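So this block is structure.txt, compact mmCIF, C-alpha atoms and all ligand atoms:
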# COMPACT_ATOMS: atom_id res chain seq x y z
CA MET K 1 -113.00 -48.81 90.76
CA SER K 2 -115.75 -46.82 89.04
CA ALA K 3 -115.33 -45.57 85.49
CA THR K 4 -114.49 -41.94 85.00
CA VAL K 5 -115.49 -39.44 82.35
CA THR K 6 -113.74 -36.33 81.12
CA LEU K 7 -115.58 -33.18 82.16
CA GLU K 8 -115.06 -29.70 80.80
CA PHE K 9 -116.61 -26.70 82.45
CA THR K 10 -115.76 -23.20 83.62
CA LEU K 11 -114.90 -22.72 87.26
CA ASN K 12 -114.59 -19.23 88.71
CA GLY K 13 -113.90 -17.87 85.25
CA ALA K 14 -111.25 -20.39 84.21
CA PRO K 15 -111.67 -23.47 82.02
CA VAL K 16 -111.36 -26.79 83.81
CA ARG K 17 -110.83 -30.24 82.31
CA LEU K 18 -110.72 -33.22 84.60
CA GLU K 19 -111.51 -36.87 85.01
CA ALA K 20 -114.17 -37.76 87.53
CA ALA K 21 -116.61 -40.49 88.31
CA PRO K 22 -119.84 -39.16 86.80
CA GLY K 23 -121.73 -39.89 90.02
CA ARG K 24 -119.28 -38.04 92.27
CA ARG K 25 -120.99 -35.27 94.22
CA VAL K 26 -120.10 -31.80 93.00
CA LEU K 27 -119.47 -30.77 96.64
CA ASP K 28 -116.76 -33.45 96.94
CA LEU K 29 -115.34 -32.64 93.53
CA LEU K 30 -114.94 -28.99 94.52
CA ARG K 31 -113.58 -29.54 98.02
CA GLU K 32 -111.45 -32.66 97.59
CA ASP K 33 -110.39 -32.71 93.94
CA LEU K 34 -110.19 -28.98 93.28
CA GLY K 35 -109.28 -27.65 96.75
CA LEU K 36 -112.11 -25.12 96.85
CA THR K 37 -113.41 -25.38 100.39
CA ALA K 38 -115.79 -22.41 100.60
CA ALA K 39 -118.80 -24.60 99.83
CA LYS K 40 -119.48 -26.48 103.06
CA GLU K 41 -121.23 -29.70 103.92
CA GLY K 42 -123.93 -29.03 106.49
CA CYS K 43 -126.71 -31.55 106.06
CA GLY K 44 -125.61 -33.33 102.90
CA SER K 45 -129.25 -33.70 101.94
CA GLY K 46 -130.43 -30.45 100.39
CA GLU K 47 -131.75 -28.81 103.56
CA CYS K 48 -129.21 -26.23 104.74
CA GLY K 49 -127.77 -24.33 101.75
CA ALA K 50 -124.20 -24.38 103.11
CA CYS K 51 -122.99 -26.09 99.93
CA ALA K 52 -124.57 -23.63 97.46
CA VAL K 53 -122.70 -22.62 94.30
CA LEU K 54 -123.79 -20.78 91.18
CA VAL K 55 -124.29 -22.94 88.11
CA ASP K 56 -125.03 -20.87 85.02
CA GLY K 57 -125.95 -18.05 87.38
CA GLU K 58 -128.41 -20.06 89.42
CA ALA K 59 -127.81 -21.01 93.07
CA ARG K 60 -127.61 -24.81 93.23
CA LEU K 61 -126.96 -27.23 96.06
CA SER K 62 -123.69 -28.94 95.29
CA CYS K 63 -124.44 -31.81 97.68
CA LEU K 64 -127.29 -32.82 95.39
CA MET K 65 -125.49 -32.33 92.06
CA LEU K 66 -123.45 -34.97 90.32
CA ALA K 67 -120.19 -34.31 88.53
CA ALA K 68 -121.67 -35.26 85.13
CA GLN K 69 -124.15 -32.38 85.49
CA LEU K 70 -121.29 -29.87 85.29
CA GLU K 71 -120.37 -30.63 81.68
CA GLY K 72 -120.36 -27.37 79.72
CA ARG K 73 -121.63 -25.31 82.65
CA GLU K 74 -120.33 -22.17 84.26
CA VAL K 75 -119.69 -22.71 87.96
CA VAL K 76 -118.93 -19.99 90.51
CA THR K 77 -118.10 -20.73 94.13
CA ALA K 78 -117.79 -18.17 96.91
CA GLU K 79 -114.06 -18.05 96.08
CA GLY K 80 -115.04 -16.80 92.63
CA LEU K 81 -117.39 -14.09 93.86
CA GLY K 82 -114.53 -12.07 95.26
CA THR K 83 -111.30 -12.19 97.21
CA LEU K 84 -110.16 -10.82 100.56
CA GLU K 85 -108.47 -7.96 98.72
CA ASN K 86 -111.34 -7.41 96.31
CA PRO K 87 -114.54 -8.77 97.84
CA HIS K 88 -117.87 -8.89 96.04
CA PRO K 89 -120.20 -6.17 97.41
CA VAL K 90 -122.26 -8.92 99.05
CA GLN K 91 -119.20 -10.31 100.81
CA ALA K 92 -118.11 -6.82 101.90
CA ALA K 93 -121.60 -6.07 103.21
CA PHE K 94 -121.74 -9.31 105.22
CA ALA K 95 -118.46 -8.40 106.89
CA ALA K 96 -119.46 -4.78 107.53
CA ALA K 97 -122.88 -5.70 108.95
CA GLY K 98 -121.52 -8.35 111.31
CA ALA K 99 -123.59 -10.94 109.46
CA VAL K 100 -120.82 -13.50 109.91
CA GLN K 101 -120.40 -15.31 113.19
CA CYS K 102 -119.08 -18.86 112.94
CA GLY K 103 -119.09 -18.34 109.16
CA TYR K 104 -120.15 -21.85 108.26
CA CYS K 105 -123.27 -20.72 106.41
CA THR K 106 -121.69 -17.60 104.93
CA PRO K 107 -120.40 -18.88 101.57
CA GLY K 108 -123.80 -20.37 100.78
CA MET K 109 -125.56 -17.22 102.00
CA THR K 110 -123.42 -15.00 99.80
CA ILE K 111 -124.05 -17.23 96.80
CA ALA K 112 -127.83 -17.05 97.34
CA ALA K 113 -127.66 -13.29 97.93
CA SER K 114 -125.59 -12.64 94.82
CA GLU K 115 -128.04 -14.67 92.73
CA LEU K 116 -130.93 -12.65 94.17
CA LEU K 117 -129.28 -9.30 93.44
CA ALA K 118 -128.38 -10.34 89.90
CA ARG K 119 -132.05 -10.92 89.09
CA ASP K 120 -133.59 -8.30 91.41
CA PRO K 121 -131.42 -5.27 92.17
CA ALA K 122 -133.92 -3.77 94.62
CA PRO K 123 -135.45 -6.48 96.80
CA ASP K 124 -137.37 -5.51 99.91
CA ARG K 125 -136.76 -7.15 103.28
CA ASP K 126 -139.30 -9.90 102.76
CA GLU K 127 -137.96 -10.73 99.32
CA ALA K 128 -134.42 -10.91 100.70
CA ARG K 129 -135.60 -13.14 103.54
CA ARG K 130 -137.42 -15.42 101.10
CA ALA K 131 -134.40 -15.67 98.81
CA LEU K 132 -132.31 -16.84 101.77
CA SER K 133 -134.94 -19.15 103.19
CA GLY K 134 -133.09 -22.22 101.91
CA ASN K 135 -129.93 -21.18 103.75
CA LEU K 136 -129.89 -22.09 107.42
CA CYS K 137 -127.87 -20.19 109.99
CA ARG K 138 -127.63 -21.22 113.60
CA CYS K 139 -125.80 -18.09 114.76
CA THR K 140 -127.00 -14.77 113.43
CA GLY K 141 -130.77 -14.74 113.78
CA TYR K 142 -130.86 -13.57 110.13
CA VAL K 143 -131.46 -9.87 110.90
CA LYS K 144 -127.90 -8.83 110.12
CA VAL K 145 -127.83 -11.16 107.13
CA VAL K 146 -130.85 -9.43 105.60
CA ASP K 147 -129.38 -6.03 106.54
CA ALA K 148 -126.24 -7.03 104.62
CA VAL K 149 -128.16 -8.09 101.52
CA LEU K 150 -130.07 -4.81 101.40
CA ASP K 151 -126.87 -2.87 101.98
CA ALA K 152 -125.13 -4.74 99.15
CA ALA K 153 -128.11 -3.97 96.91
CA ARG K 154 -127.65 -0.25 97.61
CA THR K 155 -123.95 -0.52 96.79
CA LEU K 156 -124.62 -2.37 93.55
CA ARG K 157 -127.20 0.25 92.55
CA GLY K 158 -124.58 2.95 93.12
CA GLU K 159 -126.54 4.55 95.94
CA LYS K 160 -123.73 4.50 98.49
CA PRO K 161 -120.80 6.86 98.66
S1 LIG Y 1 -124.96 -29.61 102.56
FE1 LIG Y 1 -126.08 -29.24 100.74
S2 LIG Y 1 -127.93 -28.39 101.39
FE2 LIG Y 1 -126.92 -28.90 103.24
S1 LIG Y 2 -122.82 -17.62 111.03
FE1 LIG Y 2 -122.77 -19.56 112.02
S2 LIG Y 2 -124.17 -20.77 110.93
FE2 LIG Y 2 -124.43 -18.79 110.13
Structure encoded using C-alpha cells:
Amino acid sequence: MSATVTLEFTLNGAPVRLEAAPGRRVLDLLREDLGLTAAKEGCGSGECGACAVLVDGEARLSCLMLAAQLEGREVVTAEGLGTLENPHPVQAAFAAAGAVQCGYCTPGMTIAASELLARDPAPDRDEARRALSGNLCRCTGYVKVVDAVLDAARTLRGEKP
C-alpha cells in the first residue's frame, strides 16, 4: 500500500482536506474519491482535453496532474462553473447553440472557454478556435462550439438582452 499525504485545497469554492497517495492522478481523485464526474477520461495522455479543470484559473489536464500538485491550489471543475438551475454563461451558450451532442467533450470545452473569456473578453473566431484547439470533439465539427463561445462572450460583456 502506498503512503498517503494530507492535501488541502479549494474545490469549487469549498475547502477540502483529504488523504491521498501523492502520485494519484487528479482525474481519479476527482472522479473516484470526490464523486465529481464532469471531468472525463478520453485519452488519458494529454491529447484530448476531456479531463480539463481550472487550477488557479488556468485550464489544466487532470489526467497529467498528480494529487500532490493540488496542495494549496484553487480547483474548479465544470460542476463548479455553474449548475443546471444557474449555469455559467458558457454552459448556457453551449446548450442554446446546440454545441453539445454526445457531451463527452463538453465539460472540458466549457473549462477551456471559461478560461479564455476570463483573460480575453472579446476573442474573435480564430482566437476562440485556437483556445479550444487542445479539446477534441468527435461530434460537433466545432462550428457550434465556437458560436457558443462567442455568444457567451457577448453575454459576459453585457451586450445581450
Ligand atoms: S483524458 Fe486528459 S487530455 Fe485526454
Ligand atoms: S459532443 Fe461528442 S465529443 Fe464533443
- Task: Select the residues contacting ligand LIG 1 (chain Y) at a distance of at most 7 Å, based on all atoms listed in the file, then format the selection as a ChimeraX atom specification.
- Result: /K:40-52,61-64
Padded axis-aligned box of stretch 32-50 of chain K (6 Å per side), centre and edge lengths, Å, one decimal, as JSON:
{"center_x": -120.5, "center_y": -28.1, "center_z": 99.9, "size_x": 34.5, "size_y": 23.3, "size_z": 25.2}
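Picture a line from atom CA of K:Leu34 to atom CA of K:Glu19; it runs 11.5 Å.
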- Please identify all polymer residues within 7 Å of K:Glu74, counting all atoms listed in the file, omitting same-chain residues fewer than 4 positions from it, and present them as a PyMOL selection string. chain K and resi 9-11+55-56
Within-8 Å residues of ligand LIG 2 (chain Y), basis all atoms listed in the file, as a compact mmCIF listing (two decimals) with C-alpha atoms, keeping the file's coordinate frame:
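Output saved as out.txt:
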# COMPACT_ATOMS: atom_id res chain seq x y z
CA ALA K 99 -123.59 -10.94 109.46
CA VAL K 100 -120.82 -13.50 109.91
CA GLN K 101 -120.40 -15.31 113.19
CA CYS K 102 -119.08 -18.86 112.94
CA GLY K 103 -119.09 -18.34 109.16
CA TYR K 104 -120.15 -21.85 108.26
CA CYS K 105 -123.27 -20.72 106.41
CA THR K 106 -121.69 -17.60 104.93
CA LEU K 136 -129.89 -22.09 107.42
CA CYS K 137 -127.87 -20.19 109.99
CA ARG K 138 -127.63 -21.22 113.60
CA CYS K 139 -125.80 -18.09 114.76
CA THR K 140 -127.00 -14.77 113.43
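The gap separating atom CA of K:Ala131 from atom CA of K:Pro107 is 14.6 Å, in Å to one decimal.
Take the candidates K:Ala95, K:Ala38, K:Leu54, K:Leu7 and check each one against K:Ala67 using all atoms listed in the file; the shortest distance goes to K:Leu7.
With distances taken over only C-alpha atoms, K:Ile111 is the one residue among K:Val26, K:Val5, K:Ile111, K:Leu18 lying closest to K:Phe94.
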- Note on the structure: If you count all atoms listed in the file, the residue of K:Ala93, K:Val145, K:Ala39, K:Met65 closest to K:Gly108 turns out to be K:Ala39
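Minimum distance to K:Glu127 across K:Ala14, K:Ala96, K:Ala113, K:Ala21 (counting all atoms listed in the file) occurs at K:Ala113.
Picture a line from atom CA of K:Pro15 to atom CA of K:Ala112; it runs 23.2 Å.
Using all atoms listed in the file, the smallest distance between any of K:Ala122, K:Leu84, K:Ala97, K:Ala20 and K:Ala148 comes from K:Ala97.
Taking all atoms listed in the file, the non-local environment of K:Ala128 within 8 Å (same-chain residues fewer than 6 positions away omitted) comprises K:Ala113, K:Leu116, K:Val146, K:Val149, K:Leu150.
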- Task: Could you check which of K:Ala152, K:Met109, K:Leu66, K:Ala3 is closest to K:Leu27, using only C-alpha atoms?
- Result: K:Leu66
